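K.L.:
Quick one, protein-v8.txt (compact mmCIF, C-alpha atoms and all ligand atoms):
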```txt
# COMPACT_ATOMS: atom_id res chain seq x y z
CA MET A 1 -104.51 26.07 9.78
CA ALA A 2 -106.85 25.88 6.77
CA GLY A 3 -106.40 23.77 3.65
CA SER A 4 -105.93 25.15 0.17
CA ARG A 5 -107.64 24.52 -3.16
CA LEU A 6 -104.70 22.40 -4.25
CA ASP A 7 -104.50 20.44 -1.01
CA PRO A 8 -107.54 20.48 1.27
CA TRP A 9 -105.52 18.64 3.96
CA LEU A 10 -102.81 21.29 4.13
CA GLY A 11 -103.85 22.33 7.61
CA SER A 12 -103.90 18.80 8.96
CA TYR A 13 -100.34 17.64 8.45
CA ALA A 14 -98.12 16.76 11.39
CA SER A 15 -95.41 19.31 12.04
CA ARG A 16 -92.79 16.83 10.80
CA ALA A 17 -94.45 16.77 7.36
CA ARG A 18 -94.03 20.52 7.03
CA SER A 19 -90.29 20.10 6.77
CA MET A 20 -90.79 17.66 3.87
CA SER A 21 -90.81 19.69 0.70
CA ALA A 22 -89.97 18.90 -2.88
CA SER A 23 -87.31 21.10 -4.30
CA GLU A 24 -87.85 23.47 -7.17
CA ILE A 25 -84.81 21.90 -8.80
CA ARG A 26 -86.74 18.66 -9.21
CA SER A 27 -88.36 20.02 -12.34
CA LEU A 28 -84.93 20.81 -13.71
CA PHE A 29 -83.88 17.26 -13.03
CA ALA A 30 -86.89 16.03 -14.98
CA VAL A 31 -85.41 17.89 -17.95
CA ALA A 32 -81.95 16.62 -17.06
CA SER A 33 -83.04 13.02 -17.52
CA ARG A 34 -83.59 13.62 -21.24
CA PRO A 35 -81.10 11.66 -23.36
CA GLU A 36 -79.50 14.75 -24.90
CA VAL A 37 -78.47 16.01 -21.45
CA VAL A 38 -75.26 14.59 -19.95
CA SER A 39 -76.24 14.03 -16.37
CA LEU A 40 -73.38 14.21 -13.90
CA ALA A 41 -76.07 14.63 -11.25
CA GLY A 42 -77.39 11.14 -10.61
CA GLY A 43 -75.80 8.73 -8.18
CA MET A 44 -77.23 5.70 -9.95
CA PRO A 45 -75.02 2.61 -10.01
CA PHE A 46 -74.24 1.27 -13.51
CA VAL A 47 -76.28 -1.92 -13.17
CA GLN A 48 -75.82 -2.61 -16.89
CA ALA A 49 -72.43 -4.05 -15.87
CA LEU A 50 -74.19 -6.96 -14.18
CA SER A 51 -74.81 -10.17 -16.08
CA VAL A 52 -78.59 -10.15 -16.41
CA ASP A 53 -78.50 -13.79 -17.55
CA ASP A 54 -76.69 -14.89 -14.38
CA ILE A 55 -79.19 -13.04 -12.24
CA ALA A 56 -82.12 -14.44 -14.21
CA ASP A 57 -80.75 -17.97 -13.76
CA SER A 58 -80.19 -17.50 -10.08
CA VAL A 59 -83.66 -15.97 -9.52
CA ALA A 60 -85.25 -18.82 -11.51
CA ALA A 61 -83.39 -21.46 -9.48
CA MET A 62 -84.18 -19.68 -6.23
CA ILE A 63 -87.91 -19.43 -6.90
CA ARG A 64 -88.11 -23.07 -8.00
CA THR A 65 -86.37 -24.36 -4.89
CA LYS A 66 -87.46 -21.83 -2.26
CA GLY A 67 -90.54 -20.24 -3.78
CA ALA A 68 -92.77 -20.90 -0.79
CA VAL A 69 -90.38 -19.00 1.46
CA ALA A 70 -89.50 -16.26 -1.05
CA LEU A 71 -93.17 -15.42 -1.63
CA GLN A 72 -94.13 -15.46 2.05
CA TYR A 73 -93.76 -12.99 4.92
CA GLY A 74 -90.50 -13.40 6.75
CA SER A 75 -88.71 -12.33 9.89
CA GLY A 76 -88.63 -8.64 10.87
CA GLN A 77 -84.90 -8.94 11.46
CA GLY A 78 -84.25 -10.47 8.06
CA ASP A 79 -83.50 -13.88 6.57
CA THR A 80 -81.17 -15.96 8.75
CA THR A 81 -78.97 -17.22 5.91
CA LEU A 82 -78.53 -13.74 4.48
CA ARG A 83 -77.66 -12.36 7.92
CA GLU A 84 -75.01 -15.09 8.23
CA GLN A 85 -73.60 -14.23 4.82
CA ILE A 86 -73.47 -10.53 5.69
CA ALA A 87 -71.84 -11.14 9.07
CA ASN A 88 -69.39 -13.83 7.93
CA GLU A 89 -68.49 -12.79 4.37
CA VAL A 90 -69.74 -9.44 3.14
CA VAL A 91 -68.38 -7.23 5.93
CA ALA A 92 -65.11 -9.19 6.33
CA PRO A 93 -63.22 -6.93 3.84
CA VAL A 94 -63.95 -3.85 6.01
CA GLY A 95 -62.60 -5.68 9.06
CA ILE A 96 -65.90 -6.28 10.86
CA SER A 97 -66.50 -9.50 12.68
CA ALA A 98 -70.10 -9.57 13.78
CA HIS A 99 -72.55 -12.20 14.94
CA PRO A 100 -75.50 -12.77 12.55
CA ASP A 101 -77.74 -11.79 15.49
CA ASP A 102 -76.26 -8.28 15.34
CA VAL A 103 -77.47 -7.81 11.76
CA VAL A 104 -80.84 -6.31 10.82
CA VAL A 105 -81.70 -6.54 7.12
CA THR A 106 -83.51 -3.48 5.79
CA THR A 107 -85.11 -2.17 2.61
CA GLY A 108 -81.92 -0.49 1.45
CA SER A 109 -79.64 1.23 3.93
CA GLN A 110 -81.90 4.26 3.59
CA MET A 111 -84.44 2.43 5.70
CA ALA A 112 -81.81 1.52 8.26
CA LEU A 113 -81.03 5.24 8.53
CA ASP A 114 -84.70 5.97 9.10
CA LEU A 115 -84.98 3.26 11.79
CA VAL A 116 -81.93 4.45 13.69
CA VAL A 117 -83.18 8.02 13.76
CA ARG A 118 -86.68 6.86 14.66
CA VAL A 119 -85.45 4.98 17.72
CA PHE A 120 -82.92 7.59 18.88
CA CYS A 121 -84.14 11.06 18.02
CA ASP A 122 -86.86 13.18 19.55
CA PRO A 123 -87.81 16.46 17.90
CA GLY A 124 -85.10 19.04 18.62
CA ASP A 125 -82.35 16.47 19.26
CA VAL A 126 -79.02 17.52 17.86
CA VAL A 127 -77.35 15.39 15.20
CA LEU A 128 -73.86 16.20 13.97
CA VAL A 129 -73.34 15.66 10.26
CA GLU A 130 -70.52 16.39 7.86
CA ALA A 131 -70.47 19.60 5.85
CA PRO A 132 -71.60 18.62 3.20
CA SER A 133 -73.66 15.48 3.93
CA TYR A 134 -75.78 12.89 2.10
CA VAL A 135 -79.10 14.38 0.96
CA GLY A 136 -81.08 11.28 1.91
CA ALA A 137 -79.80 11.39 5.48
CA LEU A 138 -80.58 15.08 5.82
CA GLY A 139 -84.11 14.26 4.68
CA VAL A 140 -84.47 11.65 7.44
CA PHE A 141 -83.10 13.98 10.13
CA ARG A 142 -85.47 16.71 8.98
CA ALA A 143 -88.43 14.33 8.91
CA TYR A 144 -87.79 13.49 12.57
CA GLU A 145 -87.38 17.20 13.34
CA CYS A 146 -83.77 16.92 14.44
CA ASP A 147 -81.59 19.95 14.89
CA ILE A 148 -78.91 19.34 12.27
CA VAL A 149 -75.45 20.76 12.94
CA HIS A 150 -72.88 20.62 10.14
CA VAL A 151 -69.26 19.92 11.07
CA ALA A 152 -66.42 20.98 8.77
CA MET A 153 -64.46 18.48 6.71
CA ASP A 154 -61.02 18.61 5.18
CA GLU A 155 -59.29 16.45 2.57
CA GLU A 156 -59.52 13.52 5.01
CA GLY A 157 -63.18 13.94 5.81
CA LEU A 158 -64.74 14.94 9.13
CA SER A 159 -62.37 17.20 11.05
CA PRO A 160 -61.72 16.08 14.67
CA ASN A 161 -61.03 19.67 15.79
CA ALA A 162 -64.23 20.92 14.23
CA LEU A 163 -66.07 18.00 15.82
CA GLU A 164 -64.71 18.87 19.28
CA ASP A 165 -65.75 22.50 18.76
CA ALA A 166 -69.23 21.57 17.56
CA ILE A 167 -69.80 19.26 20.53
CA ALA A 168 -68.55 21.92 22.94
CA ALA A 169 -70.92 24.48 21.40
CA VAL A 170 -73.90 22.14 21.69
CA ILE A 171 -73.03 21.30 25.31
CA ALA A 172 -72.62 25.01 26.06
CA SER A 173 -76.18 25.50 24.80
CA GLY A 174 -77.38 23.05 27.47
CA ARG A 175 -77.87 20.08 25.14
CA ARG A 176 -76.03 16.91 24.18
CA PRO A 177 -75.67 15.66 20.61
CA LYS A 178 -77.50 12.36 20.04
CA LEU A 179 -75.67 11.13 16.97
CA ILE A 180 -72.60 11.70 14.87
CA TYR A 181 -73.57 10.71 11.32
CA THR A 182 -70.56 10.05 9.11
CA ILE A 183 -69.73 8.53 5.73
CA PRO A 184 -66.05 7.74 6.31
CA SER A 185 -65.29 5.97 3.02
CA PHE A 186 -65.58 7.58 -0.44
CA HIS A 187 -67.93 10.21 0.87
CA ASN A 188 -71.20 11.22 -0.79
CA PRO A 189 -70.95 14.02 -1.91
CA ALA A 190 -67.41 15.10 -0.94
CA GLY A 191 -65.49 12.15 -2.47
CA VAL A 192 -62.99 12.04 0.43
CA THR A 193 -62.00 9.20 2.79
CA GLN A 194 -61.00 9.17 6.44
CA GLY A 195 -57.65 7.50 7.05
CA PRO A 196 -57.17 5.07 9.98
CA LEU A 197 -55.87 7.72 12.40
CA ARG A 198 -58.77 10.04 11.62
CA ARG A 199 -61.24 7.26 12.38
CA THR A 200 -59.57 6.51 15.71
CA GLN A 201 -59.67 10.20 16.64
CA ILE A 202 -63.35 10.51 15.84
CA LEU A 203 -64.20 7.34 17.78
CA GLU A 204 -62.21 8.62 20.75
CA ILE A 205 -64.12 11.92 20.74
CA ALA A 206 -67.48 10.16 20.36
CA ASN A 207 -66.71 7.71 23.18
CA ARG A 208 -65.47 10.45 25.51
CA HIS A 209 -68.76 12.31 25.07
CA SER A 210 -70.92 9.14 24.91
CA ILE A 211 -72.32 10.01 21.50
CA LEU A 212 -73.42 7.19 19.21
CA VAL A 213 -71.68 7.07 15.83
CA LEU A 214 -73.84 6.25 12.83
CA GLU A 215 -71.39 4.96 10.21
CA ASP A 216 -72.88 4.88 6.71
CA ASP A 217 -70.77 2.76 4.37
CA PRO A 218 -72.42 1.93 1.05
CA TYR A 219 -69.24 2.54 -1.00
CA GLY A 220 -66.53 0.90 1.16
CA LEU A 221 -65.88 -2.00 -1.27
CA LEU A 222 -65.54 0.34 -4.25
CA GLY A 223 -61.98 1.62 -3.78
CA PHE A 224 -59.74 2.21 -6.81
CA ASP A 225 -56.24 3.20 -5.91
CA GLY A 226 -53.92 4.70 -3.32
CA PRO A 227 -54.31 2.63 -0.14
CA TYR A 228 -57.47 1.11 -1.60
CA ALA A 229 -56.01 -0.51 -4.72
CA ASP A 230 -56.63 -4.18 -5.54
CA GLY A 231 -59.79 -4.46 -3.48
CA ALA A 232 -58.31 -3.25 -0.18
CA ALA A 233 -61.28 -1.66 1.57
CA PRO A 234 -60.97 1.02 4.25
CA ARG A 235 -61.34 -0.50 7.71
CA ALA A 236 -64.77 0.32 9.11
CA MET A 237 -65.07 2.24 12.39
CA ARG A 238 -67.37 -0.52 13.58
CA ALA A 239 -64.44 -2.95 13.26
CA ASP A 240 -62.79 -1.19 16.22
CA ASP A 241 -65.85 -0.33 18.26
CA SER A 242 -68.78 -2.73 18.39
CA GLN A 243 -70.64 -0.86 21.15
CA GLY A 244 -70.35 2.78 20.11
CA VAL A 245 -71.12 2.45 16.41
CA VAL A 246 -74.16 1.49 14.37
CA TYR A 247 -72.87 0.41 10.95
CA LEU A 248 -74.99 0.67 7.81
CA GLY A 249 -74.25 -1.30 4.65
CA SER A 250 -75.97 -1.92 1.35
CA PHE A 251 -76.04 -4.17 -1.69
CA SER A 252 -77.20 -1.23 -3.80
CA LYS A 253 -73.75 -0.36 -5.17
CA THR A 254 -72.18 -3.83 -5.12
CA ILE A 255 -75.06 -5.85 -6.58
CA ALA A 256 -78.18 -3.90 -7.57
CA SER A 257 -79.98 -0.92 -6.08
CA GLY A 258 -83.33 -2.17 -7.43
CA LEU A 259 -83.28 -5.12 -5.03
CA ARG A 260 -83.46 -2.67 -2.12
CA VAL A 261 -81.46 -4.74 0.35
CA GLY A 262 -79.27 -3.10 2.98
CA TRP A 263 -78.48 -3.74 6.61
CA ALA A 264 -77.57 -2.34 9.99
CA ILE A 265 -75.09 -3.92 12.40
CA ALA A 266 -75.85 -2.66 15.89
CA PRO A 267 -75.11 -3.32 19.56
CA HIS A 268 -77.54 -5.87 21.01
CA GLY A 269 -80.02 -3.50 22.71
CA VAL A 270 -80.12 -1.17 19.73
CA ARG A 271 -80.64 -4.08 17.38
CA GLU A 272 -83.77 -5.13 19.31
CA LYS A 273 -85.24 -1.64 19.01
CA LEU A 274 -84.43 -1.50 15.31
CA VAL A 275 -86.26 -4.78 14.70
CA LEU A 276 -89.34 -3.55 16.59
CA ALA A 277 -89.28 -0.30 14.62
CA ALA A 278 -88.86 -2.21 11.34
CA GLU A 279 -91.80 -4.46 12.18
CA SER A 280 -94.02 -1.48 12.82
CA ALA A 281 -92.94 0.16 9.55
CA ILE A 282 -92.97 -2.78 7.10
CA LEU A 283 -93.54 -6.02 9.09
CA CYS A 284 -90.49 -7.53 7.40
CA PRO A 285 -88.12 -6.82 4.52
CA SER A 286 -88.91 -8.55 1.21
CA ASN A 287 -88.11 -12.26 1.36
CA PHE A 288 -87.99 -12.33 -2.42
CA SER A 289 -85.24 -9.72 -2.58
CA GLN A 290 -83.33 -11.20 0.35
CA LEU A 291 -83.33 -14.71 -1.09
CA THR A 292 -82.30 -13.32 -4.47
CA VAL A 293 -79.31 -11.63 -2.86
CA SER A 294 -78.54 -14.66 -0.71
CA ASP A 295 -78.54 -17.05 -3.69
CA TYR A 296 -76.52 -14.60 -5.73
CA LEU A 297 -73.89 -14.47 -2.98
CA ALA A 298 -73.89 -18.27 -2.70
CA THR A 299 -73.78 -19.12 -6.40
CA GLN A 300 -72.27 -16.20 -8.33
CA PRO A 301 -68.72 -14.83 -8.29
CA TRP A 302 -69.81 -11.68 -6.45
CA THR A 303 -66.33 -10.54 -5.51
CA ASP A 304 -65.37 -10.65 -9.22
CA GLN A 305 -68.45 -8.59 -9.99
CA ILE A 306 -67.38 -5.97 -7.45
CA LYS A 307 -63.96 -5.93 -9.12
CA THR A 308 -65.68 -5.28 -12.45
CA PHE A 309 -67.57 -2.38 -10.87
CA ARG A 310 -64.39 -1.00 -9.33
CA GLU A 311 -62.55 -1.05 -12.67
CA LEU A 312 -65.47 0.53 -14.48
CA TYR A 313 -65.88 3.32 -11.95
CA ARG A 314 -62.14 3.95 -11.84
CA GLU A 315 -62.09 4.43 -15.61
CA ARG A 316 -64.97 6.91 -15.30
CA ARG A 317 -63.34 8.70 -12.38
CA ASP A 318 -60.21 9.06 -14.51
CA ALA A 319 -62.23 10.43 -17.43
CA LEU A 320 -63.79 13.00 -15.10
CA LEU A 321 -60.57 14.10 -13.44
CA GLU A 322 -58.62 14.30 -16.71
CA SER A 323 -61.26 16.40 -18.38
CA LEU A 324 -61.71 18.68 -15.35
CA GLU A 325 -57.95 19.21 -15.41
CA ALA A 326 -57.92 19.89 -19.13
CA MET A 327 -61.00 22.07 -19.45
CA MET A 328 -62.10 23.78 -16.25
CA PRO A 329 -61.36 27.50 -15.93
CA ARG A 330 -58.68 28.58 -13.48
CA GLY A 331 -59.92 29.00 -9.93
CA THR A 332 -62.00 25.80 -10.05
CA SER A 333 -60.90 22.98 -7.74
CA TRP A 334 -62.17 19.48 -7.00
CA THR A 335 -61.59 16.51 -4.77
CA VAL A 336 -59.81 13.40 -6.08
CA PRO A 337 -61.83 10.38 -4.93
CA GLU A 338 -59.98 7.12 -4.34
CA GLY A 339 -63.23 5.20 -4.67
CA GLY A 340 -66.99 5.63 -4.82
CA PHE A 341 -69.06 7.75 -7.18
CA TYR A 342 -68.44 11.46 -6.56
CA SER A 343 -66.16 14.44 -6.83
CA TRP A 344 -66.90 17.74 -5.07
CA VAL A 345 -66.15 20.76 -7.17
CA THR A 346 -65.54 24.28 -5.86
CA LEU A 347 -66.24 27.03 -8.39
CA PRO A 348 -64.18 30.18 -8.93
CA GLU A 349 -65.02 32.97 -6.51
CA GLY A 350 -68.31 34.77 -7.09
CA LEU A 351 -70.08 31.90 -8.87
CA ASP A 352 -73.24 30.31 -7.53
CA SER A 353 -73.82 26.68 -8.53
CA ARG A 354 -77.53 26.76 -7.85
CA ALA A 355 -78.17 29.91 -9.81
CA MET A 356 -76.01 28.50 -12.63
CA LEU A 357 -77.94 25.22 -12.91
CA PRO A 358 -80.64 26.39 -15.38
CA ARG A 359 -77.88 27.61 -17.72
CA ALA A 360 -76.05 24.33 -17.35
CA VAL A 361 -79.19 22.36 -18.17
CA ALA A 362 -79.78 24.65 -21.16
CA ALA A 363 -76.22 23.75 -22.22
CA LEU A 364 -77.24 20.07 -21.80
CA VAL A 365 -75.27 19.15 -18.71
CA ALA A 366 -76.56 18.57 -15.17
CA TYR A 367 -75.02 18.40 -11.71
CA VAL A 368 -76.31 18.74 -8.16
CA PRO A 369 -75.74 22.20 -6.63
CA GLY A 370 -73.82 22.20 -3.35
CA THR A 371 -76.70 23.74 -1.39
CA GLY A 372 -78.55 20.42 -1.64
CA PHE A 373 -76.07 18.88 0.80
CA PHE A 374 -76.47 21.45 3.56
CA VAL A 375 -79.47 22.45 5.65
CA ASP A 376 -78.28 26.00 6.24
CA GLY A 377 -78.16 27.42 2.72
CA THR A 378 -74.38 27.20 2.43
CA GLY A 379 -72.67 25.37 -0.42
CA THR A 380 -73.46 27.87 -3.19
CA GLU A 381 -69.84 27.85 -4.36
CA SER A 382 -69.79 24.04 -4.74
CA LEU A 383 -71.41 21.29 -6.75
CA ARG A 384 -71.35 17.51 -6.89
CA LEU A 385 -70.35 15.61 -10.00
CA SER A 386 -71.12 11.89 -10.27
CA TYR A 387 -69.15 9.77 -12.68
CA CYS A 388 -70.84 6.43 -11.92
CA TYR A 389 -73.42 6.31 -14.68
CA PRO A 390 -72.33 7.97 -17.95
CA GLU A 391 -69.76 6.31 -20.24
CA PRO A 392 -66.31 7.98 -20.24
CA ASP A 393 -66.92 9.81 -23.54
CA ARG A 394 -70.16 11.25 -22.23
CA ILE A 395 -68.37 12.34 -19.06
CA ARG A 396 -65.78 14.18 -21.17
CA GLU A 397 -68.52 15.82 -23.20
CA GLY A 398 -70.39 16.76 -20.00
CA VAL A 399 -67.31 18.40 -18.51
CA ARG A 400 -66.69 20.25 -21.81
CA ARG A 401 -70.21 21.69 -21.62
CA LEU A 402 -69.89 22.49 -17.92
CA ALA A 403 -66.56 24.23 -18.46
CA GLY A 404 -68.21 26.39 -21.12
CA VAL A 405 -70.99 27.37 -18.71
CA VAL A 406 -68.53 28.19 -15.92
CA GLU A 407 -66.46 30.20 -18.38
CA SER A 408 -69.43 32.32 -19.46
CA GLU A 409 -70.57 32.81 -15.85
CA LEU A 410 -67.09 34.04 -15.04
CA THR A 411 -67.25 36.51 -17.92
CA LEU A 412 -70.55 37.83 -16.56
CA VAL A 413 -69.17 38.13 -13.04
CA ASN A 414 -66.06 39.88 -14.28
CA THR A 415 -68.13 42.27 -16.41
CA PHE A 416 -71.10 42.99 -14.15
CA GLY A 417 -69.91 41.87 -10.73
CA SER A 418 -72.56 39.15 -10.61
CA ALA A 419 -73.88 36.46 -12.94
CA GLY A 420 -77.29 38.09 -12.74
CA HIS A 421 -79.40 35.34 -11.22
CA HIS A 422 -81.39 35.40 -8.07
CA ALA A 423 -79.64 33.17 -5.56
CA ASP A 424 -82.19 31.51 -3.35
CA SER A 425 -80.71 29.56 -0.53
CA GLY A 426 -82.20 26.71 1.40
CA GLN A 427 -82.20 22.99 1.30
CA GLN A 428 -83.18 21.06 -1.77
CA THR A 429 -84.34 17.53 -1.96
CA PRO A 430 -83.49 15.97 -5.28
CA SER A 431 -85.42 12.84 -6.19
CA PRO A 432 -83.94 9.38 -5.44
CA ASP A 433 -82.19 9.07 -8.81
CA VAL A 434 -79.95 12.01 -7.93
CA ALA A 435 -79.47 11.17 -4.26
C1 LIG B 501 -74.22 7.75 1.71
C2 LIG B 501 -75.43 6.98 1.32
N1 LIG B 501 -76.13 6.36 2.26
C3 LIG B 501 -77.22 5.64 1.97
C4 LIG B 501 -77.67 5.52 0.66
C5 LIG B 501 -78.92 4.73 0.41
O1 LIG B 501 -78.64 3.55 -0.24
P1 LIG B 501 -79.64 2.34 -0.33
O2 LIG B 501 -80.90 2.69 0.40
O3 LIG B 501 -79.88 2.12 -1.78
O4 LIG B 501 -78.94 1.20 0.33
C6 LIG B 501 -76.98 6.16 -0.37
C7 LIG B 501 -77.47 6.11 -1.75
O5 LIG B 501 -77.02 6.77 -2.63
C8 LIG B 501 -75.82 6.90 -0.04
O6 LIG B 501 -75.10 7.54 -0.96
```
Turn the structure described in the file into structure tokens.
Ligand SMILES: Cc1ncc(COP(=O)(O)O)c(C=O)c1O
P.N.:
Amino acid sequence: MAGSRLDPWLGSYASRARSMSASEIRSLFAVASRPEVVSLAGGMPFVQALSVDDIADSVAAMIRTKGAVALQYGSGQGDTTLREQIANEVVAPVGISAHPDDVVVTTGSQMALDLVVRVFCDPGDVVLVEAPSYVGALGVFRAYECDIVHVAMDEEGLSPNALEDAIAAVIASGRRPKLIYTIPSFHNPAGVTQGPLRRTQILEIANRHSILVLEDDPYGLLGFDGPYADGAAPRAMRADDSQGVVYLGSFSKTIASGLRVGWAIAPHGVREKLVLAAESAILCPSNFSQLTVSDYLATQPWTDQIKTFRELYRERRDALLESLEAMMPRGTSWTVPEGGFYSWVTLPEGLDSRAMLPRAVAALVAYVPGTGFFVDGTGTESLRLSYCYPEPDRIREGVRRLAGVVESELTLVNTFGSAGHHADSGQQTPSPDVA
């Protein structure tokens, strides 16, 4: 294949790079980051709620006492003290008891996702993912040329019946799914949470078919109410199955995403492969970031900080839900998250969230269209709203603008039978700030 004037290397890329494409909605998101636009698109944690002075003090003390280590290469598996803290303290609230040897520290949990797929998936391997699923995970699966199969969800997340059916269909096609990728707690983007029974059912199905479960849990400590009030975190699947589950965690939402520190907890053999894969990708995760996190955990009231985050996000979730209730046209529905950052909105019949986005941005409000969370072009009737970043008043204003846009789309549909946009389908890859 020949190159082009814009990219002379176009013909030389590996086949896996061909499935990596920037979305046309990226340019819209560039506009959406202007201050006059209320962005309900981005999944950025509100790091302004951290005490910068405390972090500055702890970084200064860390670099004075451990500078030679912090500024040096480290272990591919991650800093020993941090792995102990993760295994002994950080994952205790989700019910996991792990040995520090089972932990691999990564550059955000995004990298852990990449490593797991790298060591498990050949091109064409089937991975089962929720419908909808996390954009960043879909990007990894596509990069490794996996065959991505969406499995339906309900108000309690991944549906066991749909999972059974999907597995049966894959087996009937002469293949075997490699992974079940799930976000059981405070789902991105669906905002729903699997209850304990649901988790047991999914584990039972996965074990019966010998399919590895990849449990992605960056939001588990950010529950607000219902069964997750007062800091009660949903029990991780890994807590009940140490051999069949690889668990991914992150400090991005509980401390700071800019530090880029996450981890995987994996069965022994898998852990060894992950470390080898990590070494070939980056040699080792940043010692500076790891020691910063480790000192923060040792010296700062980190559980109080998570409580602060939980209260802040609950207030924003309430602002979102109240204003959706008050302002959205009839026929719109949404999920009620009990934690995390997101609510999944379903538009009145006939509306297309992707086609509507330019009008929403023109009305100074942004969201992520549902199609971004599927690989098969479905999701046009849905969109994701994030309440983590804007202040409550901005959220209310954003919903007011969005309701106006939905209202006028509805008028168009009712008058002309369509809102008059072209409705391209296909997967979109928003930039990291909207992931
Ligand atoms: C479900 C899910 N998994 C993984 C990540 C990646 O997080 P990080 O790499 O910052 O740990 C995110 C970020 O938004 C997410 O929502």
K.L.:
As a PyMOL selection string, please: the residues near Arg238 (chain A) (cut-off 12 Å, only C-alpha atoms, same-chain neighbours under 2 positions excluded).
P.N.:
chain A and resi 91-92+94-98+102+182+184+199-200+202-203+212-217+234-236+240-249+264-267
K.L.:
Name the residues in contact with Met328 (chain A) at a cut-off of 9 Å, using all atoms listed in the file, excluding same-chain residues fewer than 3 positions from it; report them as a list in words.
P.N.:
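Those residues are Ser323, Leu324, Glu325, Gly331, Thr332, Ser333, Val399, Arg400, Leu402, Ala403, Gly404, Val406 and Glu407 of chain A.
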K.L.:
A:Pro160, A:Tyr228, A:Ala112, A:Leu222: which is nearest Ala206 (chain A), counting only C-alpha atoms?
P.N.:
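Among the listed residues, A:Pro160 lies closest to Ala206 (chain A).
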K.L.:
List the neighbours of region 303-305 of chain A out to 8 Å using all atoms listed in the file; skip same-chain residues closer than 2 positions along the sequence, and give me the result as a ChimeraX atom specification.
P.N.:
/A:50,254-255,301,307-309
K.L.:
Go ahead and write the selection's residues with C-alpha atoms as a compact mmCIF listing (two decimals), in the frame of the given file.
P.N.:
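Contents of again_35.txt, as written:
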```
# COMPACT_ATOMS: atom_id res chain seq x y z
CA LEU A 50 -74.19 -6.96 -14.18
CA THR A 254 -72.18 -3.83 -5.12
CA ILE A 255 -75.06 -5.85 -6.58
CA PRO A 301 -68.72 -14.83 -8.29
CA LYS A 307 -63.96 -5.93 -9.12
CA THR A 308 -65.68 -5.28 -12.45
CA PHE A 309 -67.57 -2.38 -10.87
```
K.L.:
Taking (-75.3, 18.6, 7.5) as a centre in this file's frame and 9 Å as the limit, can you find every polymer residue with an atom that close, using only C-alpha atoms, and give them as a ChimeraX atom specification?
P.N.:
/A:127-135,137-138,148-151,181,373-376
K.L.:
Next, dump the selected residues to file, keeping only C-alpha atoms, as a PDB file, keeping the file's coordinate frame.
P.N.:
```
ATOM      1  CA  VAL A 127     -77.350  15.390  15.200  1.00  0.00           C
ATOM      2  CA  LEU A 128     -73.860  16.200  13.970  1.00  0.00           C
ATOM      3  CA  VAL A 129     -73.340  15.660  10.260  1.00  0.00           C
ATOM      4  CA  GLU A 130     -70.520  16.390   7.860  1.00  0.00           C
ATOM      5  CA  ALA A 131     -70.470  19.600   5.850  1.00  0.00           C
ATOM      6  CA  PRO A 132     -71.600  18.620   3.200  1.00  0.00           C
ATOM      7  CA  SER A 133     -73.660  15.480   3.930  1.00  0.00           C
ATOM      8  CA  TYR A 134     -75.780  12.890   2.100  1.00  0.00           C
ATOM      9  CA  VAL A 135     -79.100  14.380   0.960  1.00  0.00           C
ATOM     10  CA  ALA A 137     -79.800  11.390   5.480  1.00  0.00           C
ATOM     11  CA  LEU A 138     -80.580  15.080   5.820  1.00  0.00           C
ATOM     12  CA  ILE A 148     -78.910  19.340  12.270  1.00  0.00           C
ATOM     13  CA  VAL A 149     -75.450  20.760  12.940  1.00  0.00           C
ATOM     14  CA  HIS A 150     -72.880  20.620  10.140  1.00  0.00           C
ATOM     15  CA  VAL A 151     -69.260  19.920  11.070  1.00  0.00           C
ATOM     16  CA  TYR A 181     -73.570  10.710  11.320  1.00  0.00           C
ATOM     17  CA  PHE A 373     -76.070  18.880   0.800  1.00  0.00           C
ATOM     18  CA  PHE A 374     -76.470  21.450   3.560  1.00  0.00           C
ATOM     19  CA  VAL A 375     -79.470  22.450   5.650  1.00  0.00           C
ATOM     20  CA  ASP A 376     -78.280  26.000   6.240  1.00  0.00           C
TER      21      ASP A 376
END
```
K.L.:
Which one is closest to Leu163 (chain A): A:Arg394, A:His209, A:Arg18, A:Arg142? Count only C-alpha atoms.
P.N.:
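Checking each of A:Arg394, A:His209, A:Arg18, A:Arg142 against Leu163 (chain A), counting only C-alpha atoms, the winner is A:His209.
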K.L.:
What do you get as a PyMOL selection string if you pick all residues at most 10 Å from ligand LIG 501 (chain B), counting all atoms listed in the file?
P.N.:
chain A and resi 42-45+106-113+133-137+182-189+215-219+248-253+256-263+340-342+432-435
K.L.:
Choose the residue, out of A:Gly417, A:Gly372, A:Gly398, A:Pro93, that has the smallest atom-to-atom separation from Met327 (chain A); count all atoms listed in the file.
P.N.:
A:Gly398
K.L.:
Please determine, counting all atoms listed in the file, which residue among A:Leu82, A:Leu40, A:Val361, A:Val105 has the shortest atom-to-atom distance to Glu279 (chain A).
P.N.:
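Using all atoms listed in the file, Glu279 (chain A) sits closest to A:Val105.
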K.L.:
Excluding region 348-357 of chain A and any residue of its chain fewer than 3 positions from it, enumerate the residues within 10 Å of it, using all atoms listed in the file, and give them as a ChimeraX atom specification.
P.N.:
/A:25,28-29,328-333,345,360-363,365-372,379-384,402,405-407,409-410,412-414,417-425
